[in-house]
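Next comes model.txt, a file with compact mmCIF, C-alpha atoms.
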```txt
# COMPACT_ATOMS: atom_id res chain seq x y z
CA MET A 1 -1.61 14.43 -7.91
CA ALA A 2 -4.20 12.40 -6.09
CA ARG A 3 -3.23 9.47 -3.94
CA MET A 4 -1.72 6.16 -4.97
CA LYS A 5 -3.90 3.07 -4.94
CA PHE A 6 -3.97 -0.53 -6.11
CA LEU A 7 -6.86 -1.92 -8.13
CA CYS A 8 -7.29 -5.56 -9.12
CA ASP A 9 -9.68 -6.42 -11.93
CA SER A 10 -10.84 -9.96 -11.14
CA GLU A 11 -12.30 -10.35 -14.65
CA ARG A 12 -8.79 -10.13 -16.05
CA CYS A 13 -6.61 -11.86 -13.47
CA ILE A 14 -5.49 -15.21 -14.88
CA GLU A 15 -3.67 -16.39 -11.75
CA CYS A 16 -0.29 -16.39 -13.46
CA ASN A 17 1.48 -15.13 -10.33
CA GLY A 18 3.62 -12.80 -12.44
CA CYS A 19 2.99 -10.00 -9.92
CA VAL A 20 4.17 -12.20 -7.04
CA THR A 21 7.32 -13.21 -8.89
CA ALA A 22 8.05 -9.67 -10.03
CA CYS A 23 7.72 -8.38 -6.48
CA LYS A 24 9.88 -11.08 -4.96
CA ASN A 25 12.57 -10.60 -7.53
CA GLU A 26 12.55 -6.81 -7.46
CA HIS A 27 12.87 -6.54 -3.70
CA GLU A 28 14.75 -9.77 -3.06
CA THR A 29 12.47 -10.54 -0.15
CA PRO A 30 13.69 -13.32 2.16
CA TRP A 31 12.53 -16.90 2.08
CA GLY A 32 8.95 -17.19 3.34
CA ILE A 33 8.06 -13.54 2.75
CA SER A 34 5.53 -12.77 0.05
CA ARG A 35 4.52 -9.15 -0.05
CA ARG A 36 1.99 -9.97 -2.74
CA ARG A 37 0.01 -13.12 -3.40
CA VAL A 38 -2.76 -14.31 -5.68
CA VAL A 39 -5.92 -15.46 -3.92
CA THR A 40 -8.72 -17.58 -5.39
CA LEU A 41 -12.28 -16.68 -4.42
CA GLY A 42 -14.93 -19.39 -4.59
CA ASP A 43 -12.37 -22.05 -5.50
CA GLY A 44 -13.83 -24.82 -7.62
CA LYS A 45 -17.26 -23.25 -7.85
CA PRO A 46 -18.75 -21.76 -11.00
CA GLY A 47 -17.66 -18.16 -11.32
CA GLU A 48 -14.49 -18.54 -9.26
CA LYS A 49 -12.23 -15.53 -9.40
CA THR A 50 -8.65 -14.76 -8.62
CA ILE A 51 -7.28 -11.52 -7.31
CA SER A 52 -3.84 -10.23 -6.50
CA VAL A 53 -3.57 -8.98 -2.92
CA ALA A 54 -0.95 -6.99 -1.07
CA CYS A 55 -1.01 -4.00 1.26
CA MET A 56 -3.72 -1.73 -0.12
CA HIS A 57 -2.26 1.39 1.54
CA CYS A 58 -5.63 2.07 3.15
CA SER A 59 -7.02 5.55 3.62
CA ASP A 60 -7.60 4.87 7.31
CA ALA A 61 -5.04 2.15 7.86
CA PRO A 62 -5.82 -0.11 10.84
CA CYS A 63 -2.16 -1.13 11.13
CA MET A 64 -1.27 2.48 11.90
CA ALA A 65 -3.92 2.64 14.59
CA VAL A 66 -2.84 -0.48 16.46
CA CYS A 67 0.96 -0.17 16.26
CA PRO A 68 2.29 0.20 19.82
CA THR A 69 5.53 1.78 18.66
CA ASP A 70 3.93 4.15 16.12
CA CYS A 71 6.30 3.04 13.41
CA PHE A 72 3.88 3.69 10.52
CA TYR A 73 3.59 6.85 8.50
CA ARG A 74 1.75 7.92 5.39
CA THR A 75 3.50 9.77 2.59
CA ASP A 76 1.98 12.72 0.73
CA GLU A 77 1.01 10.27 -2.01
CA GLY A 78 -1.00 8.15 0.43
CA VAL A 79 1.50 5.29 0.62
CA VAL A 80 1.60 3.62 4.05
CA LEU A 81 5.18 2.86 5.06
CA HIS A 82 6.94 1.91 8.27
CA ASP A 83 10.26 2.32 10.01
CA LYS A 84 11.80 -1.11 10.59
CA ASP A 85 14.14 0.32 13.21
CA LEU A 86 11.12 0.94 15.44
CA CYS A 87 9.20 -2.25 14.68
CA ILE A 88 9.30 -4.79 17.51
CA GLY A 89 7.58 -7.58 15.55
CA CYS A 90 4.62 -7.78 17.93
CA GLY A 91 2.24 -8.78 15.13
CA TYR A 92 -0.63 -6.45 16.10
CA CYS A 93 -0.68 -5.04 12.57
CA PHE A 94 -1.10 -8.54 11.17
CA TYR A 95 -4.26 -9.08 13.22
CA ALA A 96 -5.61 -5.64 12.35
CA CYS A 97 -5.00 -5.81 8.60
CA PRO A 98 -8.07 -6.98 6.64
CA PHE A 99 -5.83 -8.03 3.74
CA GLY A 100 -3.21 -10.05 5.64
CA ALA A 101 -0.49 -7.81 4.27
CA PRO A 102 2.06 -7.71 7.11
CA GLN A 103 4.62 -10.49 6.84
CA PHE A 104 7.04 -11.62 9.52
CA PRO A 105 10.32 -13.33 8.76
CA GLN A 106 11.54 -15.91 11.23
CA ALA A 107 14.37 -14.53 13.31
CA GLY A 108 16.63 -16.93 15.17
CA ASN A 109 16.28 -20.64 15.66
CA PHE A 110 13.22 -20.67 17.89
CA GLY A 111 10.63 -19.25 15.52
CA GLN A 112 10.67 -15.72 16.92
CA ARG A 113 9.07 -13.12 14.72
CA GLY A 114 11.38 -10.71 13.00
CA LYS A 115 10.54 -7.17 12.00
CA MET A 116 7.43 -6.74 9.92
CA ASP A 117 7.76 -6.57 6.16
CA LYS A 118 5.06 -5.50 3.73
CA CYS A 119 4.43 -4.01 0.33
CA THR A 120 5.88 -0.51 0.11
CA PHE A 121 4.17 0.41 -3.18
CA CYS A 122 7.78 0.24 -4.41
CA ALA A 123 8.44 3.43 -2.45
CA GLY A 124 11.24 2.22 -0.18
CA GLY A 125 11.24 3.49 3.37
CA PRO A 126 12.73 6.07 5.71
CA GLU A 127 16.31 5.74 4.50
CA LYS A 128 18.22 7.68 1.85
CA ASP A 129 16.41 7.13 -1.45
CA GLY A 130 18.18 4.61 -3.64
CA SER A 131 20.72 3.69 -0.95
CA ASP A 132 21.89 0.15 -0.18
CA GLU A 133 20.45 0.43 3.29
CA GLU A 134 17.01 1.29 1.91
CA TYR A 135 17.21 -1.61 -0.52
CA LYS A 136 18.20 -4.10 2.17
CA LYS A 137 15.46 -3.04 4.56
CA TYR A 138 12.57 -2.09 2.29
CA GLY A 139 13.42 -3.08 -1.26
CA ARG A 140 13.79 -0.96 -4.34
CA ASN A 141 12.40 2.57 -4.45
CA ARG A 142 10.85 2.71 -7.92
CA LEU A 143 8.57 5.60 -7.09
CA ALA A 144 11.60 7.83 -6.56
CA GLU A 145 12.73 6.78 -10.05
CA GLY A 146 9.42 7.96 -11.51
CA LYS A 147 8.15 4.41 -11.97
CA LEU A 148 5.12 2.55 -10.69
CA PRO A 149 5.12 -0.68 -8.65
CA LEU A 150 6.59 -3.50 -10.69
CA CYS A 151 3.76 -5.94 -9.91
CA ALA A 152 1.33 -3.73 -11.83
CA GLU A 153 3.75 -2.80 -14.58
CA MET A 154 4.59 -6.48 -15.06
CA CYS A 155 0.97 -7.70 -15.10
CA SER A 156 0.45 -9.32 -18.49
CA THR A 157 -3.31 -8.80 -18.66
CA LYS A 158 -3.20 -5.45 -16.84
CA ALA A 159 -5.58 -6.88 -14.25
CA LEU A 160 -3.53 -5.22 -11.56
CA LEU A 161 -3.43 -1.46 -11.85
CA ALA A 162 -1.40 0.83 -9.62
CA GLY A 163 -0.98 4.54 -9.49
CA ASP A 164 -2.94 7.74 -9.23
CA ALA A 165 -6.42 6.81 -7.97
CA ASP A 166 -8.22 9.07 -10.47
CA VAL A 167 -6.36 7.63 -13.44
CA ILE A 168 -6.61 3.93 -12.58
CA SER A 169 -10.27 4.14 -11.59
CA GLU A 170 -10.99 5.85 -14.92
CA ILE A 171 -9.09 3.12 -16.79
CA PHE A 172 -11.12 0.48 -14.93
CA ARG A 173 -14.40 2.30 -15.46
CA GLU A 174 -13.86 2.56 -19.21
CA ARG A 175 -12.88 -1.10 -19.33
CA ALA A 176 -15.93 -2.26 -17.37
CA LEU A 177 -18.23 -0.16 -19.53
CA ARG A 178 -16.81 -1.62 -22.73
CA ARG A 179 -17.14 -5.21 -21.64
CA GLY A 180 -20.44 -4.57 -19.88
CA LYS A 181 -19.70 -6.57 -16.74
CA GLY A 182 -17.30 -6.96 -13.87
CA GLY A 183 -17.67 -3.50 -12.39
CA GLU A 184 -17.18 -4.75 -8.84
CA LEU A 185 -13.89 -4.23 -7.13
CA TRP A 186 -12.76 -6.57 -4.40
CA GLY A 187 -11.36 -4.81 -1.33
CA TRP A 188 -11.58 -1.31 -2.77
CA LYS A 189 -14.30 -0.04 -0.45
CA GLN A 190 -12.76 -1.72 2.56
CA ALA A 191 -9.42 -0.08 1.89
CA TYR A 192 -10.45 3.31 0.64
CA GLY A 193 -14.01 3.78 1.90
CA ALA A 194 -17.18 4.36 -0.11
CA ASP A 195 -15.94 7.77 -1.29
CA GLY A 196 -12.93 6.24 -2.97
CA ALA A 197 -14.94 3.80 -5.05
CA PRO A 198 -15.28 4.46 -8.75
CA GLU A 199 -18.75 4.62 -10.18
CA PRO A 200 -19.90 1.05 -10.83
CA ALA A 201 -20.27 0.22 -14.49
CA LYS A 202 -23.74 -0.46 -15.78
CA GLN A 203 -24.52 -4.11 -16.37
CA GLY A 204 -25.30 -5.23 -19.87
CA GLY A 205 -24.03 -2.07 -21.47
CA LYS A 206 -21.81 -3.83 -23.97
CA THR A 207 -21.58 -2.10 -27.32
CA MET B 1 -15.10 23.88 53.81
CA LYS B 2 -11.35 23.62 54.25
CA THR B 3 -11.53 19.86 53.62
CA LEU B 4 -13.47 20.41 50.44
CA ALA B 5 -10.95 22.95 49.23
CA LEU B 6 -8.12 20.54 50.01
CA LEU B 7 -9.90 17.76 48.15
CA LEU B 8 -10.42 19.95 45.11
CA ALA B 9 -6.80 21.07 45.18
CA ALA B 10 -5.62 17.46 45.49
CA THR B 11 -7.82 16.44 42.55
CA ALA B 12 -6.41 19.24 40.43
CA VAL B 13 -2.83 18.38 41.35
CA LEU B 14 -3.26 14.64 40.81
CA ALA B 15 -4.97 15.18 37.47
CA ALA B 16 -1.63 16.40 36.18
CA CYS B 17 -0.08 13.07 37.14
CA SER B 18 -2.22 11.11 34.70
CA GLU B 19 -0.90 9.23 31.68
CA ARG B 20 0.99 11.04 28.98
CA PRO B 21 -1.04 11.83 25.86
CA GLN B 22 -1.61 8.83 23.61
CA SER B 23 -2.55 10.03 20.20
CA VAL B 24 -3.05 7.50 17.45
CA GLY B 25 -0.71 7.55 14.49
CA ASP B 26 1.93 9.97 15.69
CA TYR B 27 4.90 8.66 13.76
CA ARG B 28 8.03 8.46 15.85
CA GLY B 29 10.53 7.13 13.33
CA LYS B 30 13.02 8.64 10.93
CA THR B 31 11.88 11.21 8.40
CA ASP B 32 11.61 10.13 4.79
CA ALA B 33 12.69 12.26 1.84
CA LYS B 34 10.18 13.27 -0.82
CA PRO B 35 10.23 10.84 -3.75
CA TYR B 36 11.15 13.55 -6.25
CA GLU B 37 14.24 14.71 -4.39
CA ALA B 38 16.78 12.00 -5.22
CA ASN B 39 16.37 11.57 -8.98
CA PHE B 40 14.36 14.59 -10.10
CA GLY B 41 16.34 17.32 -8.36
CA GLY B 42 13.33 18.32 -6.27
CA ASP B 43 11.23 19.04 -9.35
CA LYS B 44 7.83 17.73 -8.29
CA ALA B 45 6.13 18.61 -11.57
CA LYS B 46 8.69 16.62 -13.57
CA TRP B 47 8.26 13.63 -11.29
CA GLU B 48 4.49 13.81 -11.53
CA ALA B 49 4.70 14.00 -15.32
CA ALA B 50 6.88 10.86 -15.38
CA LEU B 51 4.38 9.00 -13.22
CA ARG B 52 1.42 10.24 -15.26
CA ALA B 53 3.00 8.83 -18.41
CA ARG B 54 3.59 5.51 -16.67
CA ASN B 55 0.01 5.53 -15.43
CA GLN B 56 -1.33 5.89 -18.94
CA ASN B 57 0.81 2.95 -20.11
CA GLN B 58 -1.60 0.77 -18.16
CA ASN B 59 -4.47 1.76 -20.42
CA GLU B 60 -4.48 -0.47 -23.50
CA TYR B 61 -7.24 1.55 -25.11
CA LYS B 62 -4.92 4.55 -25.15
CA ARG B 63 -1.87 2.51 -26.16
CA ALA B 64 -3.66 1.02 -29.16
CA GLU B 65 -4.69 4.40 -30.54
```
Just give me the structure as structure tokens.
Amino acid sequence: MARMKFLCDSERCIECNGCVTACKNEHETPWGISRRRVVTLGDGKPGEKTISVACMHCSDAPCMAVCPTDCFYRTDEGVVLHDKDLCIGCGYCFYACPFGAPQFPQAGNFGQRGKMDKCTFCAGGPEKDGSDEEYKKYGRNRLAEGKLPLCAEMCSTKALLAGDADVISEIFRERALRRGKGGELWGWKQAYGADGAPEPAKQGGKT
Amino acid sequence: MKTLALLLAATAVLAACSERPQSVGDYRGKTDAKPYEANFGGDKAKWEAALRARNQNQNEYKRAE
């Protein structure tokens, strides 16, 4: 199996926020924490687009590079996860992340930052798979159940795709070829590099 | 000559007192189990097959066939 990736097709995203709601409900994230959010590009201008953004589980993740406690690790499937027991809530990862993925809950009454929380690709964390402790700290581990992230599985227009990079990029490529437009992927090259990008679909190739 | 030798020796000895290695990305936390261990009895192929099926569910062109 290749590595796991997210892909958001801005031609299809209808800004319904179903992915955001699904994620929040599945992982019961605390108040103020949104692992995924829907962003509008070019708001109010002709051709405005919306995309669903969360941790992209980058190939060369900047959060991993800047973490002073080295609490990040990458699984064999390419999912970037972290150990909350090591996190000190310094916020370096937040500044390093080009997607604004790391989230910090407020801890205490004086606005101190709590331990970082981010999208886990529904893969839990370094606790016993399926345990209560894993659920409380990292949310549900759907990957261990043979399922994909709920945000993508819940997406009504299938704008958000998640899973094996080869498969989802092929799904997107076929889709872009059929409609003859919208072959650009926001954030894909930044997260996965030029090598990870699917071949752009030809413009005007609608059949 | 003796001074030079002493200087060289001191440099060599002090070089060992430098900072400890700082390699980027050396994970120091708890180890995580493989995703196919808990529910698939360690059968990676079975787990991959389950995910592959889920992956294809995202393709409407295939679902409509």
Q.
Residues of chain A within 9 Å of chain B, counting all atoms listed in the file, what are they? List them as a VMD selection string.
A. chain A and resid 1 64 to 67 69 to 76 82 to 86 123 125 to 130 141 143 to 148 152 to 153 158 161 to 164 167 to 168 171 to 172 174 to 175
(Q) Report, in Å to a single decimal, how far apart CA of Ser52 in chain A and CA of Val39 in chain A are. (A) 6.2 Å
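Each of A:Pro68, A:Glu11, A:Pro30, A:Phe99 was checked against Gly180 in chain A using only C-alpha atoms; the smallest atom-to-atom distance is that of A:Glu11.
Here CA of Ala191 in chain A is placed at a distance of 21.3 Å from CA of Cys155 in chain A.
The spacing separating CA of Tyr192 in chain A from CA of Gly78 in chain A amounts to 10.6 Å.
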Exercise on range 35-49 of chain B, axis-aligned box with 8 Å per side, report centre and edge lengths in Å to one decimal, as AutoDock Vina command-line options:
```
--center_x 10.6 --center_y 14.9 --center_z -9.5 --size_x 28.3 --size_y 24.2 --size_z 27.6
```
Q. Near Thr157 in chain A, counting only C-alpha atoms, which residues have an atom at most 12 Å away, once you skip same-chain residues fewer than 5 positions from it, shown as a PyMOL selection string?
A. (chain A and resi 8-19+151-152) or (chain B and resi 58-60)
